[in-house]
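Novice: Pasting in a structure now, in structure tokens, and then I'll have a few things to ask.
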Amino acid sequence: MSAFLEIDQVTIAFNTRNGVYVAVRDADLEIDEGEFVSIIGHSGCGKSTLLNLVAGLVKPSAGGAILSGREITGPGPDRAVVFQNHSLLPWLSVYDNVHLAVEQVFGARESKTKLVARTLAAVELVGLLHATHKRPHEISGGMKQRVGIARALAMEPKVLLLDEPFGALDALTRANLQDSLMEIQTQLRCTVLMVTHDVDEAVLLSDRVVMMTNGPAATVGRILPITLPRPRDRLALAEDHAFHHARAEILRFLHDGALHRATAVA
Amino acid sequence: MRRRNPEPTAAPEASTVARWFERALSRSIPPMCGVAALIGVWALIAQFTRYLPGPANTFLSALHVFAHPFYINGPNDQGIGWNLLASLTRVGKGFGLAAAVGIPLGFLLGRFALLNRAIAPVISLLRPVSPLAWLPIGLAIFQRADPAAMFCIFICSIWPMIINTALGVASVPQDYLNVARVLRLSEWKIFTRILLPACIPYVLSGAKLALGIAWLVIVASEMLTGGVGIGFWLWDEWNNLNMEHILIAIGVIGLVGLLLEHGMTLIADRFDYRKQ
């Protein structure tokens, strides 16, 4: 029996001016339905490339990805992406940004009132009903990212893809959004694949943390299951032994990788 | 610390009025000085030149011209209002036609790189040509002065519209297009929901440039084609050796150009999503 989402022996290479650049080589990863998986690694290790592969925005040079039995050949609304820089359309209100996605995914099958209800439900889920008619430039960075999440969730994707979703936010806002995301995920039981460079974030949110080796030709180095019970409370975890242990494991992996790179350069 | 607010009720109001007055003065004084300097230099030059009328004479003559802007004494002697209207109509038609062709073409060039590679050299070749060089071609094709002048306007105002629109489309952030790809938007929806709103500022700044050029060109082409129009009027007054009227025409052309540009800026700001 194969996994819900399967990345199988994937190599991704780009043609650049200086020849072929292999970003990812022979990466394997299996994700179960309802699982929250984070990919962590140093910048430039091809973790976003791997996420874009699942999104269908990047094509593999070898290998492939299969989502619930079907090969991924291009982008589609069953794999909603929350981009790092929110990517909201600045000329549309919060409501319209979400509604555009809802209309596109469900417009052919459902009535207008149902579509409106879906949009409002998604906006409510991220706690932004008070800002429905605001434009992106009128709301804070954290709120924009909430809208991005609402837009993605409103599409009822099979997999939610998060590309360093909280990377550009300040620490307090980030903590706030992480808590919201945990709540939403517990509520909806959606499958999530998240790219991050924040160790605490990875441990706090994930069922498993995938550690990537350094690029070029990066691949999956190690996978660490996080067995902390849910719901997780960041304050309680701050003094939790298992949390610190998992954190230390990841830091060690990243640190050793950096050392290897340093010696390779020297 | 209390001393800072001696009279909390009366003082702020008085100071707001004073500050408003001060700001209005500081904003209007420099431009007025500039205009005064221009008139001063003009008066000075007129003192030492035999045929150039000074500001005072020109002003008196202008009062006369503007007293009856809409008279008609035959085809070659009409009020300045009619001449101005004729020029504006020509510019409007040529410019409108250029927008109708240039903006859609710009969208196509921006969206389809292959088409852009085919057309770009043609644009680069034709764009630097002086618009008046096209006048004989227009006269040959249309056999009449009026459409030939409009043809000139069309040719010269189409380039900025094509180029700016194409630039606008090409510089739509990849993020927005990725959103479109994930949502699998149709090409039509990509156009109406993403490309069009993202490009409107570029399109309108292209239109603003084009209108400026069109207004420059119409005066020159009317001098060559004759008929009715502010450019023709100016040339006609040169033949009459009425220098006051020539100076009035220059002033009017400048003023109308200024108003056109200002109007386009207002429209551009109105449709710019960044300024709403």
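Quick note on naming: the chains in the structure tokens go A, B, ... in the order shown, residues restart at 1 in each chain, and ligands are numbered from 1 in order of appearance.
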For chain A, report every residue with an atom at most 6 Å from chain B (counting only C-alpha atoms), formatted as a VMD selection string.
Specialist: chain A and resid 75 to 77 87 91
Novice: Hey, can you check how far CA of Leu50 in chain A sits from CA of Arg230 in chain A?
Specialist: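 CA of Arg230 in chain A lies at a distance of 27.3 Å from CA of Leu50 in chain A.
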Novice: What is the CA of Ser68 in chain A-CA of Phe166 in chain A distance in Å, reported with one decimal?
Specialist: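 Taking CA of Ser68 in chain A as the start and CA of Phe166 in chain A as the end point, the length is 27.8 Å.
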Novice: Which residues, written as a ChimeraX atom specification, have at least one atom at most 9 Å from His86 in chain A, with only C-alpha atoms counted and residues fewer than 5 positions away on the same chain left out?
Specialist: /A:141,144-149,165 /B:175
Novice: Keeping N, CA and C atoms for every residue in the selection just given, could you write it to a file as an mmCIF file, in the first residue's frame?
Specialist:
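Done, and the output landed in again23.cif:
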```
data_model
loop_
_atom_site.group_PDB
_atom_site.id
_atom_site.type_symbol
_atom_site.label_atom_id
_atom_site.label_comp_id
_atom_site.auth_asym_id
_atom_site.auth_seq_id
_atom_site.Cartn_x
_atom_site.Cartn_y
_atom_site.Cartn_z
ATOM 1 N N GLY A 141 1.291 42.456 8.226
ATOM 2 C CA GLY A 141 1.916 41.301 7.579
ATOM 3 C C GLY A 141 1.330 39.984 8.069
ATOM 4 N N LYS A 144 -2.047 39.477 6.535
ATOM 5 C CA LYS A 144 -1.943 39.082 5.126
ATOM 6 C C LYS A 144 -1.686 37.589 5.028
ATOM 7 N N GLN A 145 -0.778 37.102 5.885
ATOM 8 C CA GLN A 145 -0.451 35.681 5.828
ATOM 9 C C GLN A 145 -1.666 34.844 6.247
ATOM 10 N N ARG A 146 -2.476 35.380 7.157
ATOM 11 C CA ARG A 146 -3.715 34.687 7.520
ATOM 12 C C ARG A 146 -4.648 34.579 6.317
ATOM 13 N N VAL A 147 -4.711 35.659 5.547
ATOM 14 C CA VAL A 147 -5.557 35.632 4.348
ATOM 15 C C VAL A 147 -5.029 34.578 3.368
ATOM 16 N N GLY A 148 -3.683 34.530 3.243
ATOM 17 C CA GLY A 148 -3.078 33.517 2.378
ATOM 18 C C GLY A 148 -3.485 32.116 2.805
ATOM 19 N N ILE A 149 -3.501 31.885 4.118
ATOM 20 C CA ILE A 149 -3.891 30.571 4.638
ATOM 21 C C ILE A 149 -5.375 30.322 4.379
ATOM 22 N N PRO A 165 5.962 30.047 5.619
ATOM 23 C CA PRO A 165 4.831 30.970 5.681
ATOM 24 C C PRO A 165 5.006 32.086 6.700
ATOM 25 N N ASP B 175 4.828 35.871 -8.553
ATOM 26 C CA ASP B 175 3.968 35.344 -7.487
ATOM 27 C C ASP B 175 2.503 35.334 -7.896
#
```
Novice: As a ChimeraX atom specification, please: the residues near Ile250 in chain A (cut-off 9 Å, only C-alpha atoms, same-chain neighbours under 3 positions excluded).
Specialist: /A:40,199,203,209,211,224,245-247,253-255
Novice: Could you pull the residues within 9 Å of range 91-108 of chain B, counting only C-alpha atoms, minus those fewer than 5 positions along the same chain, as a PyMOL selection string?
Specialist: chain B and resi 86+113+115-116+147+149-170+195-196+203+207+210-211+214-215+218
Novice: With only C-alpha atoms as the counted atoms, please give the residues lying no more than 10 Å from Val220 in chain A, apart from itself and same-chain residues fewer than 5 positions off, as a PyMOL selection string.
Specialist: chain A and resi 24-29+39-41+47+210-214
Novice: Selected residues, C-alpha atoms, written as an mmCIF file, in the first residue's frame, please.
Specialist:
```cif
data_model
loop_
_atom_site.group_PDB
_atom_site.id
_atom_site.type_symbol
_atom_site.label_atom_id
_atom_site.label_comp_id
_atom_site.auth_asym_id
_atom_site.auth_seq_id
_atom_site.Cartn_x
_atom_site.Cartn_y
_atom_site.Cartn_z
ATOM 1 C CA VAL A 24 17.788 18.088 -5.468
ATOM 2 C CA ARG A 25 19.072 14.554 -6.092
ATOM 3 C CA ASP A 26 17.345 11.227 -5.401
ATOM 4 C CA ALA A 27 14.974 12.571 -2.753
ATOM 5 C CA ASP A 28 12.451 10.138 -1.253
ATOM 6 C CA LEU A 29 9.598 11.051 1.044
ATOM 7 C CA ILE A 39 11.125 20.190 5.703
ATOM 8 C CA ILE A 40 14.053 21.952 7.310
ATOM 9 C CA GLY A 41 17.537 22.717 6.070
ATOM 10 C CA LYS A 47 13.670 22.544 0.342
ATOM 11 C CA VAL A 210 12.494 16.063 7.347
ATOM 12 C CA MET A 211 16.069 17.300 7.437
ATOM 13 C CA MET A 212 17.678 18.092 4.096
ATOM 14 C CA THR A 213 21.402 17.841 3.437
ATOM 15 C CA ASN A 214 23.165 20.910 2.067
#
```
Novice: Would you pick out the contacts of Gly127 in chain A at 12 Å or less, using only C-alpha atoms, so that residues sharing its chain but fewer than 5 positions from it are not included, and give the list as a list in words?
Specialist: Val94, Leu120, Ala121, Ala122, Thr132, Gly142, Met143, Lys144, Gln145, Arg146, Val147, Ile149, Ala150, Asn176, Leu177, Ser180, Leu181, Glu183 and Ile184 of chain A
Novice: Include N, CA and C atoms and write out the residues we just selected as a compact mmCIF listing (two decimals), in the first residue's frame.
Specialist:
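What follows is the written file part.txt:
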```txt
# COMPACT_ATOMS: atom_id res chain seq x y z
N VAL A 94 -9.73 41.46 1.01
CA VAL A 94 -9.52 40.17 1.67
C VAL A 94 -10.57 39.17 1.18
N LEU A 120 -16.74 33.22 3.40
CA LEU A 120 -16.83 33.80 4.74
C LEU A 120 -16.34 32.81 5.79
N ALA A 121 -16.63 31.53 5.59
CA ALA A 121 -16.19 30.52 6.56
C ALA A 121 -14.66 30.49 6.63
N ALA A 122 -14.03 30.57 5.46
CA ALA A 122 -12.56 30.53 5.43
C ALA A 122 -11.98 31.76 6.11
N THR A 132 -12.85 41.90 6.41
CA THR A 132 -13.26 41.31 5.13
C THR A 132 -13.06 42.24 3.95
N GLY A 142 1.09 39.90 9.38
CA GLY A 142 0.51 38.68 9.94
C GLY A 142 -0.88 38.43 9.40
N MET A 143 -1.66 39.50 9.28
CA MET A 143 -3.03 39.35 8.76
C MET A 143 -3.01 38.92 7.29
N LYS A 144 -2.05 39.48 6.54
CA LYS A 144 -1.94 39.08 5.13
C LYS A 144 -1.69 37.59 5.03
N GLN A 145 -0.78 37.10 5.88
CA GLN A 145 -0.45 35.68 5.83
C GLN A 145 -1.67 34.84 6.25
N ARG A 146 -2.48 35.38 7.16
CA ARG A 146 -3.72 34.69 7.52
C ARG A 146 -4.65 34.58 6.32
N VAL A 147 -4.71 35.66 5.55
CA VAL A 147 -5.56 35.63 4.35
C VAL A 147 -5.03 34.58 3.37
N ILE A 149 -3.50 31.89 4.12
CA ILE A 149 -3.89 30.57 4.64
C ILE A 149 -5.38 30.32 4.38
N ALA A 150 -6.18 31.38 4.60
CA ALA A 150 -7.63 31.24 4.35
C ALA A 150 -7.89 30.90 2.89
N ASN A 176 1.81 33.63 17.31
CA ASN A 176 0.35 33.74 17.21
C ASN A 176 -0.20 32.93 16.04
N LEU A 177 0.44 33.06 14.90
CA LEU A 177 -0.03 32.35 13.70
C LEU A 177 0.22 30.85 13.80
N SER A 180 -2.56 29.46 15.74
CA SER A 180 -3.77 29.41 14.91
C SER A 180 -3.70 28.23 13.95
N LEU A 181 -2.52 28.05 13.35
CA LEU A 181 -2.37 26.97 12.37
C LEU A 181 -2.56 25.62 13.04
N GLU A 183 -4.37 24.97 15.69
CA GLU A 183 -5.80 24.82 15.97
C GLU A 183 -6.55 24.38 14.71
N ILE A 184 -6.26 25.08 13.61
CA ILE A 184 -6.96 24.80 12.35
C ILE A 184 -6.67 23.38 11.90
```
Novice: Work out how far apart CA of Ala23 in chain A and CA of Val81 in chain A are and give it in Å to one decimal.
Specialist: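 Going from CA of Ala23 in chain A over to CA of Val81 in chain A, I get 20.4 Å.
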Novice: Output as a PyMOL selection string all residues of range 43-234 of chain A that backbone DSSP marks as strand (DSSP E or B).
Specialist: chain A and resi 62-67+70-71+79-82+159-163+191-196+208-212+218+220-225
Novice: Take the residues just selected and output them with C-alpha atoms as a JSON list (two decimals), in the first residue's frame.
Specialist:
```json
[["chain", "number", "residue", "atom", "x", "y", "z"],
["A", 62, "ALA", "CA", 14.00, 12.28, -12.88],
["A", 63, "GLY", "CA", 11.59, 10.48, -10.58],
["A", 64, "GLY", "CA", 8.18, 11.86, -9.73],
["A", 65, "ALA", "CA", 5.56, 12.67, -7.13],
["A", 66, "ILE", "CA", 2.26, 10.87, -6.65],
["A", 67, "LEU", "CA", -0.69, 12.29, -4.72],
["A", 70, "ARG", "CA", -2.18, 10.16, -9.36],
["A", 71, "GLU", "CA", 1.07, 11.54, -10.67],
["A", 79, "ARG", "CA", -2.39, 21.38, -3.72],
["A", 80, "ALA", "CA", -2.91, 24.86, -2.33],
["A", 81, "VAL", "CA", 0.22, 26.90, -1.65],
["A", 82, "VAL", "CA", 0.74, 29.58, 0.97],
["A", 159, "VAL", "CA", -2.38, 18.87, 0.68],
["A", 160, "LEU", "CA", -1.68, 22.28, 2.14],
["A", 161, "LEU", "CA", 1.76, 23.50, 1.07],
["A", 162, "LEU", "CA", 3.38, 26.15, 3.23],
["A", 163, "ASP", "CA", 6.53, 27.79, 1.89],
["A", 191, "THR", "CA", -2.34, 17.07, 5.31],
["A", 192, "VAL", "CA", 0.35, 19.73, 5.53],
["A", 193, "LEU", "CA", 3.81, 19.99, 4.03],
["A", 194, "MET", "CA", 5.71, 22.99, 5.35],
["A", 195, "VAL", "CA", 9.12, 24.37, 4.48],
["A", 196, "THR", "CA", 10.83, 26.24, 7.30],
["A", 208, "ARG", "CA", 7.69, 14.45, 11.45],
["A", 209, "VAL", "CA", 10.61, 16.74, 10.57],
["A", 210, "VAL", "CA", 12.49, 16.06, 7.35],
["A", 211, "MET", "CA", 16.07, 17.30, 7.44],
["A", 212, "MET", "CA", 17.68, 18.09, 4.10],
["A", 218, "ALA", "CA", 20.55, 18.09, -1.70],
["A", 220, "VAL", "CA", 16.62, 13.88, 2.48],
["A", 221, "GLY", "CA", 19.24, 13.39, 5.18],
["A", 222, "ARG", "CA", 17.21, 12.26, 8.15],
["A", 223, "ILE", "CA", 13.61, 12.10, 9.25],
["A", 224, "LEU", "CA", 12.76, 12.71, 12.89],
["A", 225, "PRO", "CA", 9.32, 11.73, 14.24]]
```
